[in-house]
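Inspection log for the structure reproduced underneath, given as structure tokens.
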Amino acid sequence: MSKPTEPTNPSRAAPVHAAMPQFPTTAGELQVNGMALSRLADRVGQTPFYAYDRSLLRARVGELRAALPAGIELHYAMKANPMPALVGLMAGLVDGIDVASAGELKVALDSGAAPQDISFAGPGKRDSELRQALAAGVLINLESMREVDILGAAAQASGQAARVAIRVNPDFELKGSGMKMGGGPKQFGIDVEDVPQMFSRIAAAGLQFEGFHLFAGSQNLRAEAICEAQAKSYELALRLAEQAPAPVRFLNLGGGFGIPYFPGEERLALAPIADNLAALQARAGRELPQAKLVIELGRYLVGEAGLYVTRIVDRKLSRGQVYLVTDGGLNHHLSASGNFGQVVRKNYPVAIGNRMDTLASERASAVGPLCTPLDLLADRMWLPRAEVGDLVVVYQSGAYGASASPQAFLGHAAVVEVLV
Ligand SMILES: *Cc1c(COP(=O)(O)O)cnc(C)c1O
């Protein structure tokens, strides 16, 4: 039955597809918020597309709220997924939206988020972006002395109060993070040693100081590392608060909560983080009584609720290796191809979404249509035998997908995004 050219799975014990249980299966079809994937593809009218499941987004925020102490504010960092409909949904679920450009600011304001619940960070805010943020009335996380000066002048000219926090580049890192964004020399924030100088500048410019923003890193699955970074961030803010021009009312302790992408990765344990935040909250009640504590999360809120769906346009055999050539790849989903921050390429979880009940029987590579060997969605994975027309699904695709991919590369049509 198995030709030597098409190797057979030696352990045919279980379908590989059981891997990502957040999307259930009915009659062999993966279900997105109750709709069978093939029908959803018909509804969308094209492949490839991204589908984000509303029920999973709601459930994730609900689980997090249930696990964390009441009163800890939850912000959505919309760079993870800026699709306007999704940001609109998130705006109704979380306590604030964090933006990093004037473009994101527009989406956040359009979503209905209140300006007082929006904060704006980013290392290269242009003069025009600072003026837009000022006019909008959002909290601006200052990251340079230049920003203080521009904002001071703009606030004076417009008569509008500029609400600011200082984004601090701490003197520590978030250990074991996929991407480190604090500690050592960084383009983000103000080095902690320069913060006192910035206090004077803020006071002189007449800006309204509200607090601190610390963000040490991203994609971390180790609760103890996150707890340590949160505790150090709190200590640092407490130390700085003594010299601040006004009481701290806003303390963003960062995020970094990761999601499992690869085999062997363990889900982040929330209980230790909840205990740690409860302890910090109790301290803040005494030591920084006006401060609200905020955490900002991107991929943790949305990453697992999204799928990338692409259709097989060709099935090829090259010297014993099966290639499922799909109608989309790296151009829409750079992260899954392994070219967005990974050091060693690993496969995202992948399934054949319309053959969920079929056992994995062959090792196949799913590749996109681009003329580059980098365009790889699944490298020699055990999958059910799949044919032209079948749907290749990439899980864990709700964050850093469409907006983080080079869509113009090779001139294929843009991907469609749907909220289901
Ligand atoms: C990228 C970023 C986030 C979101 O990171 P995730 O890994 O998606 O949670 C949050 N805050 C800041 C300042 C960021 O730059």
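We label chains A, B, ... in the order they appear in the structure tokens, count residues from 1 in each chain, and number ligands from 1 in the order shown.
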
Which protein, DNA or RNA residues have an atom within 8 Å of ligand 1, counting only C-alpha atoms and all ligand atoms, as a PDB file with N, CA, C and O atoms, in the first residue's frame?
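Once everything was written out, this is result14.pdb:
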ATOM      1  N   TYR A  76      -5.452  45.976  25.062  1.00  0.00           N
ATOM      2  CA  TYR A  76      -5.147  45.238  23.844  1.00  0.00           C
ATOM      3  C   TYR A  76      -4.138  46.030  23.017  1.00  0.00           C
ATOM      4  O   TYR A  76      -4.408  47.180  22.638  1.00  0.00           O
ATOM      5  N   ALA A  77      -2.967  45.434  22.780  1.00  0.00           N
ATOM      6  CA  ALA A  77      -1.947  46.060  21.923  1.00  0.00           C
ATOM      7  C   ALA A  77      -2.291  45.704  20.486  1.00  0.00           C
ATOM      8  O   ALA A  77      -2.041  44.584  20.027  1.00  0.00           O
ATOM      9  N   MET A  78      -2.878  46.650  19.765  1.00  0.00           N
ATOM     10  CA  MET A  78      -3.501  46.299  18.483  1.00  0.00           C
ATOM     11  C   MET A  78      -2.519  46.048  17.356  1.00  0.00           C
ATOM     12  O   MET A  78      -2.935  45.632  16.278  1.00  0.00           O
ATOM     13  N   LYS A  79      -1.226  46.212  17.594  1.00  0.00           N
ATOM     14  CA  LYS A  79      -0.309  45.834  16.515  1.00  0.00           C
ATOM     15  C   LYS A  79      -0.366  44.333  16.239  1.00  0.00           C
ATOM     16  O   LYS A  79      -0.053  43.896  15.144  1.00  0.00           O
ATOM     17  N   ALA A  80      -0.801  43.555  17.229  1.00  0.00           N
ATOM     18  CA  ALA A  80      -0.919  42.108  17.018  1.00  0.00           C
ATOM     19  C   ALA A  80      -1.926  41.786  15.925  1.00  0.00           C
ATOM     20  O   ALA A  80      -1.727  40.856  15.134  1.00  0.00           O
ATOM     21  N   ASP A  98      -3.930  49.895  23.039  1.00  0.00           N
ATOM     22  CA  ASP A  98      -2.616  50.503  22.867  1.00  0.00           C
ATOM     23  C   ASP A  98      -2.287  50.566  21.388  1.00  0.00           C
ATOM     24  O   ASP A  98      -2.365  49.549  20.694  1.00  0.00           O
ATOM     25  N   ALA A 100       0.327  52.246  18.160  1.00  0.00           N
ATOM     26  CA  ALA A 100       1.740  52.553  17.930  1.00  0.00           C
ATOM     27  C   ALA A 100       1.962  53.357  16.653  1.00  0.00           C
ATOM     28  O   ALA A 100       3.079  53.410  16.146  1.00  0.00           O
ATOM     29  N   ALA A 121       2.246  54.469  22.068  1.00  0.00           N
ATOM     30  CA  ALA A 121       3.689  54.287  22.260  1.00  0.00           C
ATOM     31  C   ALA A 121       4.336  54.085  20.894  1.00  0.00           C
ATOM     32  O   ALA A 121       3.649  53.837  19.911  1.00  0.00           O
ATOM     33  N   GLY A 122       5.638  54.151  20.840  1.00  0.00           N
ATOM     34  CA  GLY A 122       6.348  53.930  19.573  1.00  0.00           C
ATOM     35  C   GLY A 122       7.569  54.829  19.510  1.00  0.00           C
ATOM     36  O   GLY A 122       7.503  55.978  19.926  1.00  0.00           O
ATOM     37  N   MET A 181      12.550  43.737  24.444  1.00  0.00           N
ATOM     38  CA  MET A 181      12.271  45.126  24.085  1.00  0.00           C
ATOM     39  C   MET A 181      12.598  46.091  25.201  1.00  0.00           C
ATOM     40  O   MET A 181      12.149  47.216  25.224  1.00  0.00           O
ATOM     41  N   LEU A 214       6.131  50.344  30.978  1.00  0.00           N
ATOM     42  CA  LEU A 214       7.307  49.481  30.873  1.00  0.00           C
ATOM     43  C   LEU A 214       6.939  48.279  30.024  1.00  0.00           C
ATOM     44  O   LEU A 214       5.880  47.674  30.221  1.00  0.00           O
ATOM     45  N   PHE A 215       7.776  47.955  29.081  1.00  0.00           N
ATOM     46  CA  PHE A 215       7.499  46.775  28.258  1.00  0.00           C
ATOM     47  C   PHE A 215       8.817  46.077  27.981  1.00  0.00           C
ATOM     48  O   PHE A 215       9.663  46.575  27.253  1.00  0.00           O
ATOM     49  N   GLY A 217       9.398  42.715  26.983  1.00  0.00           N
ATOM     50  CA  GLY A 217       9.574  41.683  25.968  1.00  0.00           C
ATOM     51  C   GLY A 217       8.271  41.017  25.604  1.00  0.00           C
ATOM     52  O   GLY A 217       7.212  41.353  26.140  1.00  0.00           O
ATOM     53  N   SER A 218       8.367  40.062  24.697  1.00  0.00           N
ATOM     54  CA  SER A 218       7.207  39.496  24.032  1.00  0.00           C
ATOM     55  C   SER A 218       7.315  37.972  23.987  1.00  0.00           C
ATOM     56  O   SER A 218       8.406  37.426  24.172  1.00  0.00           O
ATOM     57  N   GLN A 219       6.191  37.300  23.724  1.00  0.00           N
ATOM     58  CA  GLN A 219       6.157  35.840  23.491  1.00  0.00           C
ATOM     59  C   GLN A 219       6.952  35.063  24.544  1.00  0.00           C
ATOM     60  O   GLN A 219       7.939  34.404  24.240  1.00  0.00           O
ATOM     61  N   ASN A 220       6.493  35.157  25.790  1.00  0.00           N
ATOM     62  CA  ASN A 220       7.138  34.448  26.882  1.00  0.00           C
ATOM     63  C   ASN A 220       6.166  33.424  27.462  1.00  0.00           C
ATOM     64  O   ASN A 220       5.010  33.735  27.720  1.00  0.00           O
ATOM     65  N   GLY A 254       3.445  46.225  31.406  1.00  0.00           N
ATOM     66  CA  GLY A 254       3.859  45.463  30.228  1.00  0.00           C
ATOM     67  C   GLY A 254       3.049  44.202  30.045  1.00  0.00           C
ATOM     68  O   GLY A 254       1.976  44.026  30.619  1.00  0.00           O
ATOM     69  N   GLY A 255       3.574  43.311  29.220  1.00  0.00           N
ATOM     70  CA  GLY A 255       2.820  42.081  28.915  1.00  0.00           C
ATOM     71  C   GLY A 255       3.795  40.953  28.698  1.00  0.00           C
ATOM     72  O   GLY A 255       4.449  40.513  29.624  1.00  0.00           O
ATOM     73  N   GLY A 256       3.879  40.522  27.480  1.00  0.00           N
ATOM     74  CA  GLY A 256       4.823  39.463  27.151  1.00  0.00           C
ATOM     75  C   GLY A 256       4.229  38.070  27.223  1.00  0.00           C
ATOM     76  O   GLY A 256       4.939  37.091  26.977  1.00  0.00           O
ATOM     77  N   PHE A 257       2.926  37.973  27.564  1.00  0.00           N
ATOM     78  CA  PHE A 257       2.300  36.644  27.662  1.00  0.00           C
ATOM     79  C   PHE A 257       2.374  35.937  26.305  1.00  0.00           C
ATOM     80  O   PHE A 257       1.882  36.459  25.303  1.00  0.00           O
ATOM     81  N   GLY A 258       2.952  34.753  26.290  1.00  0.00           N
ATOM     82  CA  GLY A 258       3.104  34.030  25.036  1.00  0.00           C
ATOM     83  C   GLY A 258       2.014  32.993  24.825  1.00  0.00           C
ATOM     84  O   GLY A 258       1.252  32.657  25.739  1.00  0.00           O
ATOM     85  N   GLU A 296      -0.595  45.008  29.162  1.00  0.00           N
ATOM     86  CA  GLU A 296      -0.959  45.142  27.748  1.00  0.00           C
ATOM     87  C   GLU A 296      -0.556  43.901  26.996  1.00  0.00           C
ATOM     88  O   GLU A 296       0.586  43.470  27.034  1.00  0.00           O
ATOM     89  N   LEU A 297      -1.546  43.319  26.334  1.00  0.00           N
ATOM     90  CA  LEU A 297      -1.335  42.046  25.664  1.00  0.00           C
ATOM     91  C   LEU A 297      -1.786  42.135  24.213  1.00  0.00           C
ATOM     92  O   LEU A 297      -2.806  42.756  23.912  1.00  0.00           O
ATOM     93  N   GLY A 298      -1.018  41.514  23.356  1.00  0.00           N
ATOM     94  CA  GLY A 298      -1.393  41.429  21.952  1.00  0.00           C
ATOM     95  C   GLY A 298      -1.754  40.004  21.606  1.00  0.00           C
ATOM     96  O   GLY A 298      -2.893  39.570  21.704  1.00  0.00           O
ATOM     97  N   ARG A 299      -0.723  39.239  21.251  1.00  0.00           N
ATOM     98  CA  ARG A 299      -0.979  37.884  20.728  1.00  0.00           C
ATOM     99  C   ARG A 299      -1.728  36.989  21.710  1.00  0.00           C
ATOM    100  O   ARG A 299      -2.476  36.109  21.282  1.00  0.00           O
ATOM    101  N   TYR A 300      -1.527  37.180  23.015  1.00  0.00           N
ATOM    102  CA  TYR A 300      -2.200  36.299  23.965  1.00  0.00           C
ATOM    103  C   TYR A 300      -3.716  36.422  23.838  1.00  0.00           C
ATOM    104  O   TYR A 300      -4.446  35.455  24.028  1.00  0.00           O
ATOM    105  N   LEU A 301      -4.192  37.619  23.513  1.00  0.00           N
ATOM    106  CA  LEU A 301      -5.639  37.835  23.411  1.00  0.00           C
ATOM    107  C   LEU A 301      -6.211  37.318  22.095  1.00  0.00           C
ATOM    108  O   LEU A 301      -7.351  36.861  22.054  1.00  0.00           O
ATOM    109  N   ALA A 399      -2.559  36.544  15.318  1.00  0.00           N
ATOM    110  CA  ALA A 399      -1.674  37.677  15.591  1.00  0.00           C
ATOM    111  C   ALA A 399      -0.493  37.660  14.635  1.00  0.00           C
ATOM    112  O   ALA A 399       0.007  36.589  14.280  1.00  0.00           O
ATOM    113  N   TYR A 400      -0.049  38.851  14.259  1.00  0.00           N
ATOM    114  CA  TYR A 400       1.118  39.010  13.387  1.00  0.00           C
ATOM    115  C   TYR A 400       0.954  38.204  12.096  1.00  0.00           C
ATOM    116  O   TYR A 400       1.847  37.493  11.660  1.00  0.00           O
TER     117      TYR A 400
END

Output as a PyMOL selection string all residues of range 77-309 of chain A that backbone DSSP marks as alpha helix (DSSP H).
-> chain A and resi 84-91+102-110+127-136+145-158+195-205+223-241+270-287+299-302

Can you list, as a list in words, every protein, DNA or RNA residue that comes within 12 Å of Gln197 in chain A when you count only C-alpha atoms, leaving out same-chain residues fewer than 2 positions away?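 Listed by chain and then number, they are Ser144, Met145, Val148, Ile166, Ile190, Asp191, Val192, Glu193, Asp194, Val195, Phe199, Ser200, Arg201, Ile202, Ala203, Ala204, Leu240, Gln243, Ala244 and Pro245 of chain A.
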
Practice item. Do a neighbour search on Leu383 in chain A at 7 Å with only C-alpha atoms, toss out local chain neighbours closer than 3 positions, and write the hits as a list in words. Key: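 Close residues of Leu383 in chain A: Ala351, Ala360, Ser361, Glu362, Arg363 and Ala364 of chain A.
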
Of the residues A:Cys227, A:Ala246, A:Ile273, A:Leu419, which is the one nearest to Met90 in chain A, using only C-alpha atoms?
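Closest residue, counting only C-alpha atoms: A:Leu419.
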
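When DSSP is run on the backbone, the residues of range 80-110 of chain A that fall into strand (DSSP E or B) are Gly96, Ile97, Asp98 and Val99 of chain A.
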
Store the residues picked out above, limited to all heavy atoms, as a PDB file, in the first residue's frame.
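That gives us part38.pdb:
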ATOM      1  N   GLY A  96      -8.734  49.036  27.536  1.00  0.00           N
ATOM      2  CA  GLY A  96      -8.014  50.056  26.786  1.00  0.00           C
ATOM      3  C   GLY A  96      -7.354  49.456  25.568  1.00  0.00           C
ATOM      4  O   GLY A  96      -7.186  48.241  25.457  1.00  0.00           O
ATOM      5  N   ILE A  97      -7.000  50.346  24.617  1.00  0.00           N
ATOM      6  CA  ILE A  97      -6.334  49.906  23.384  1.00  0.00           C
ATOM      7  C   ILE A  97      -5.001  50.636  23.311  1.00  0.00           C
ATOM      8  O   ILE A  97      -4.944  51.854  23.491  1.00  0.00           O
ATOM      9  CB  ILE A  97      -7.178  50.274  22.133  1.00  0.00           C
ATOM     10  CG1 ILE A  97      -8.605  49.718  22.224  1.00  0.00           C
ATOM     11  CG2 ILE A  97      -6.479  49.798  20.860  1.00  0.00           C
ATOM     12  CD1 ILE A  97      -8.770  48.254  21.948  1.00  0.00           C
ATOM     13  N   ASP A  98      -3.930  49.895  23.039  1.00  0.00           N
ATOM     14  CA  ASP A  98      -2.616  50.503  22.867  1.00  0.00           C
ATOM     15  C   ASP A  98      -2.287  50.566  21.388  1.00  0.00           C
ATOM     16  O   ASP A  98      -2.365  49.549  20.694  1.00  0.00           O
ATOM     17  CB  ASP A  98      -1.553  49.704  23.630  1.00  0.00           C
ATOM     18  CG  ASP A  98      -1.768  49.815  25.130  1.00  0.00           C
ATOM     19  OD1 ASP A  98      -2.393  50.799  25.559  1.00  0.00           O
ATOM     20  OD2 ASP A  98      -1.329  48.916  25.868  1.00  0.00           O
ATOM     21  N   VAL A  99      -1.931  51.762  20.949  1.00  0.00           N
ATOM     22  CA  VAL A  99      -1.642  51.975  19.533  1.00  0.00           C
ATOM     23  C   VAL A  99      -0.185  52.392  19.382  1.00  0.00           C
ATOM     24  O   VAL A  99       0.448  52.844  20.330  1.00  0.00           O
ATOM     25  CB  VAL A  99      -2.581  53.030  18.915  1.00  0.00           C
ATOM     26  CG1 VAL A  99      -4.036  52.658  19.160  1.00  0.00           C
ATOM     27  CG2 VAL A  99      -2.298  54.437  19.455  1.00  0.00           C
TER      28      VAL A  99
END

Q: Compare A:Ile259, A:Met198, A:Leu277, A:Ile72 by their minimum atom-to-atom distance to Ser177 in chain A, counting only C-alpha atoms, and give me the closest one.
A: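 Looking only at the distances to Ser177 in chain A, the closest residue turns out to be A:Ile259.
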
Long-range neighbours of range 35-39 of chain A as an MDAnalysis selection string, 10 Å cut-off, only C-alpha atoms, 3 positions minimum in chain: chainID A and resid 24:32 42:45 51 309 353:354 390:391 393 420

Writer output for current selection, all heavy atoms, as a short mmCIF file (atom, residue, chain, number, x, y, z; two decimals), in the first residue's frame:
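Everything below was put into again-v2.cif:
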data_model
loop_
_atom_site.label_atom_id
_atom_site.label_comp_id
_atom_site.auth_asym_id
_atom_site.auth_seq_id
_atom_site.Cartn_x
_atom_site.Cartn_y
_atom_site.Cartn_z
N PRO A 24 -13.32 23.12 17.14
CA PRO A 24 -13.84 21.75 17.11
C PRO A 24 -14.08 21.26 15.68
O PRO A 24 -13.98 22.04 14.73
CB PRO A 24 -15.17 21.85 17.87
CG PRO A 24 -15.56 23.29 17.79
CD PRO A 24 -14.29 24.08 17.63
N THR A 25 -14.39 19.98 15.58
CA THR A 25 -14.60 19.34 14.29
C THR A 25 -15.99 18.71 14.25
O THR A 25 -16.41 18.11 15.23
CB THR A 25 -13.55 18.23 14.10
OG1 THR A 25 -12.27 18.84 13.95
CG2 THR A 25 -13.82 17.40 12.88
N THR A 26 -16.69 18.87 13.14
CA THR A 26 -17.94 18.16 12.94
C THR A 26 -17.90 17.54 11.55
O THR A 26 -17.59 18.24 10.58
CB THR A 26 -19.15 19.11 13.04
OG1 THR A 26 -19.13 19.75 14.31
CG2 THR A 26 -20.47 18.35 12.90
N ALA A 27 -18.18 16.26 11.48
CA ALA A 27 -18.22 15.54 10.20
C ALA A 27 -16.98 15.82 9.36
O ALA A 27 -17.06 16.10 8.16
CB ALA A 27 -19.50 15.89 9.43
N GLY A 28 -15.83 15.80 10.01
CA GLY A 28 -14.58 15.95 9.27
C GLY A 28 -14.20 17.37 8.94
O GLY A 28 -13.14 17.62 8.37
N GLU A 29 -15.07 18.33 9.29
CA GLU A 29 -14.81 19.72 8.95
C GLU A 29 -14.48 20.52 10.21
O GLU A 29 -15.22 20.49 11.19
CB GLU A 29 -16.07 20.34 8.32
CG GLU A 29 -16.34 19.88 6.91
CD GLU A 29 -15.75 20.83 5.85
OE1 GLU A 29 -15.32 21.94 6.20
OE2 GLU A 29 -15.75 20.43 4.68
N LEU A 30 -13.40 21.24 10.13
CA LEU A 30 -13.08 22.17 11.20
C LEU A 30 -14.17 23.25 11.26
O LEU A 30 -14.68 23.68 10.22
CB LEU A 30 -11.72 22.78 10.87
CG LEU A 30 -11.02 23.65 11.89
CD1 LEU A 30 -9.52 23.48 11.71
CD2 LEU A 30 -11.39 25.09 11.67
N GLN A 31 -14.54 23.63 12.48
CA GLN A 31 -15.64 24.58 12.66
C GLN A 31 -15.11 25.92 13.17
O GLN A 31 -14.34 25.96 14.14
CB GLN A 31 -16.65 24.05 13.69
CG GLN A 31 -17.20 22.67 13.39
CD GLN A 31 -18.17 22.65 12.24
OE1 GLN A 31 -19.10 23.47 12.21
NE2 GLN A 31 -17.98 21.76 11.30
N VAL A 32 -15.52 26.99 12.52
CA VAL A 32 -15.15 28.32 12.99
C VAL A 32 -16.41 28.99 13.53
O VAL A 32 -17.32 29.31 12.78
CB VAL A 32 -14.55 29.17 11.85
CG1 VAL A 32 -14.07 30.52 12.38
CG2 VAL A 32 -13.40 28.43 11.16
N ASP A 42 -16.74 29.22 1.11
CA ASP A 42 -17.72 29.65 0.11
C ASP A 42 -18.27 31.02 0.44
O ASP A 42 -18.47 31.86 -0.42
CB ASP A 42 -18.88 28.64 0.03
CG ASP A 42 -18.45 27.33 -0.61
OD1 ASP A 42 -17.37 27.31 -1.25
OD2 ASP A 42 -19.18 26.33 -0.46
N ARG A 43 -18.53 31.23 1.73
CA ARG A 43 -19.06 32.52 2.17
C ARG A 43 -18.08 33.64 1.88
O ARG A 43 -18.45 34.70 1.39
CB ARG A 43 -19.37 32.46 3.67
CG ARG A 43 -20.22 33.60 4.16
CD ARG A 43 -20.16 33.73 5.69
NE ARG A 43 -19.16 34.70 6.08
CZ ARG A 43 -18.93 35.07 7.34
NH1 ARG A 43 -19.61 34.51 8.33
NH2 ARG A 43 -18.02 35.97 7.61
N VAL A 44 -16.81 33.39 2.17
CA VAL A 44 -15.79 34.41 1.94
C VAL A 44 -15.63 34.65 0.43
O VAL A 44 -15.40 35.76 -0.01
CB VAL A 44 -14.44 33.97 2.57
CG1 VAL A 44 -13.33 34.94 2.21
CG2 VAL A 44 -14.58 33.87 4.08
N GLY A 45 -15.78 33.59 -0.34
CA GLY A 45 -15.75 33.74 -1.80
C GLY A 45 -14.36 33.63 -2.40
O GLY A 45 -14.21 33.73 -3.61
N ALA A 51 -9.50 33.85 9.22
CA ALA A 51 -10.77 33.85 9.95
C ALA A 51 -10.47 33.98 11.44
O ALA A 51 -9.62 33.26 11.98
CB ALA A 51 -11.53 32.55 9.69
N VAL A 309 -6.26 30.30 6.12
CA VAL A 309 -6.83 29.22 5.30
C VAL A 309 -6.42 29.42 3.85
O VAL A 309 -6.66 30.49 3.27
CB VAL A 309 -8.37 29.22 5.40
CG1 VAL A 309 -8.95 28.05 4.62
CG2 VAL A 309 -8.82 29.16 6.87
N GLY A 353 -8.14 21.23 6.76
CA GLY A 353 -9.35 21.61 7.49
C GLY A 353 -10.62 20.92 7.06
O GLY A 353 -11.61 20.94 7.79
N ASN A 354 -10.62 20.30 5.88
CA ASN A 354 -11.80 19.56 5.44
C ASN A 354 -11.58 18.06 5.49
O ASN A 354 -12.37 17.29 4.94
CB ASN A 354 -12.19 20.00 4.00
CG ASN A 354 -11.05 19.80 3.01
OD1 ASN A 354 -9.90 20.10 3.32
ND2 ASN A 354 -11.37 19.28 1.84
N ASP A 390 -8.38 20.92 -1.54
CA ASP A 390 -8.47 20.83 -0.08
C ASP A 390 -7.94 22.11 0.58
O ASP A 390 -7.18 22.87 -0.02
CB ASP A 390 -7.69 19.62 0.45
CG ASP A 390 -8.41 18.31 0.19
OD1 ASP A 390 -9.62 18.34 -0.11
OD2 ASP A 390 -7.75 17.24 0.27
N LEU A 391 -8.34 22.28 1.84
CA LEU A 391 -8.01 23.52 2.55
C LEU A 391 -6.92 23.27 3.58
O LEU A 391 -7.10 22.48 4.52
CB LEU A 391 -9.27 24.06 3.24
CG LEU A 391 -10.40 24.46 2.27
CD1 LEU A 391 -11.70 24.72 3.03
CD2 LEU A 391 -10.01 25.69 1.44
N VAL A 393 -4.95 24.62 6.64
CA VAL A 393 -5.24 25.57 7.71
C VAL A 393 -3.99 25.73 8.58
O VAL A 393 -3.39 24.74 8.98
CB VAL A 393 -6.40 25.00 8.57
CG1 VAL A 393 -6.53 25.76 9.88
CG2 VAL A 393 -7.69 25.03 7.79
N VAL A 420 -15.69 35.95 12.42
CA VAL A 420 -16.81 35.00 12.29
C VAL A 420 -17.49 34.83 13.64
O VAL A 420 -16.81 34.61 14.63
CB VAL A 420 -16.29 33.63 11.79
CG1 VAL A 420 -17.46 32.66 11.59
CG2 VAL A 420 -15.50 33.79 10.50
#

Exercise for review: Find the distance between CA of Leu68 in chain A and CA of Ala237 in chain A and write it in Å to one decimal.
Suggested key: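 Between these atoms lies a distance of 21.1 Å.
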
note - CA of His333 in chain A and CA of Val313 in chain A are separated by 17.5 Å

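You will find CA of Asp171 in chain A at 16.3 Å from CA of Ala241 in chain A.
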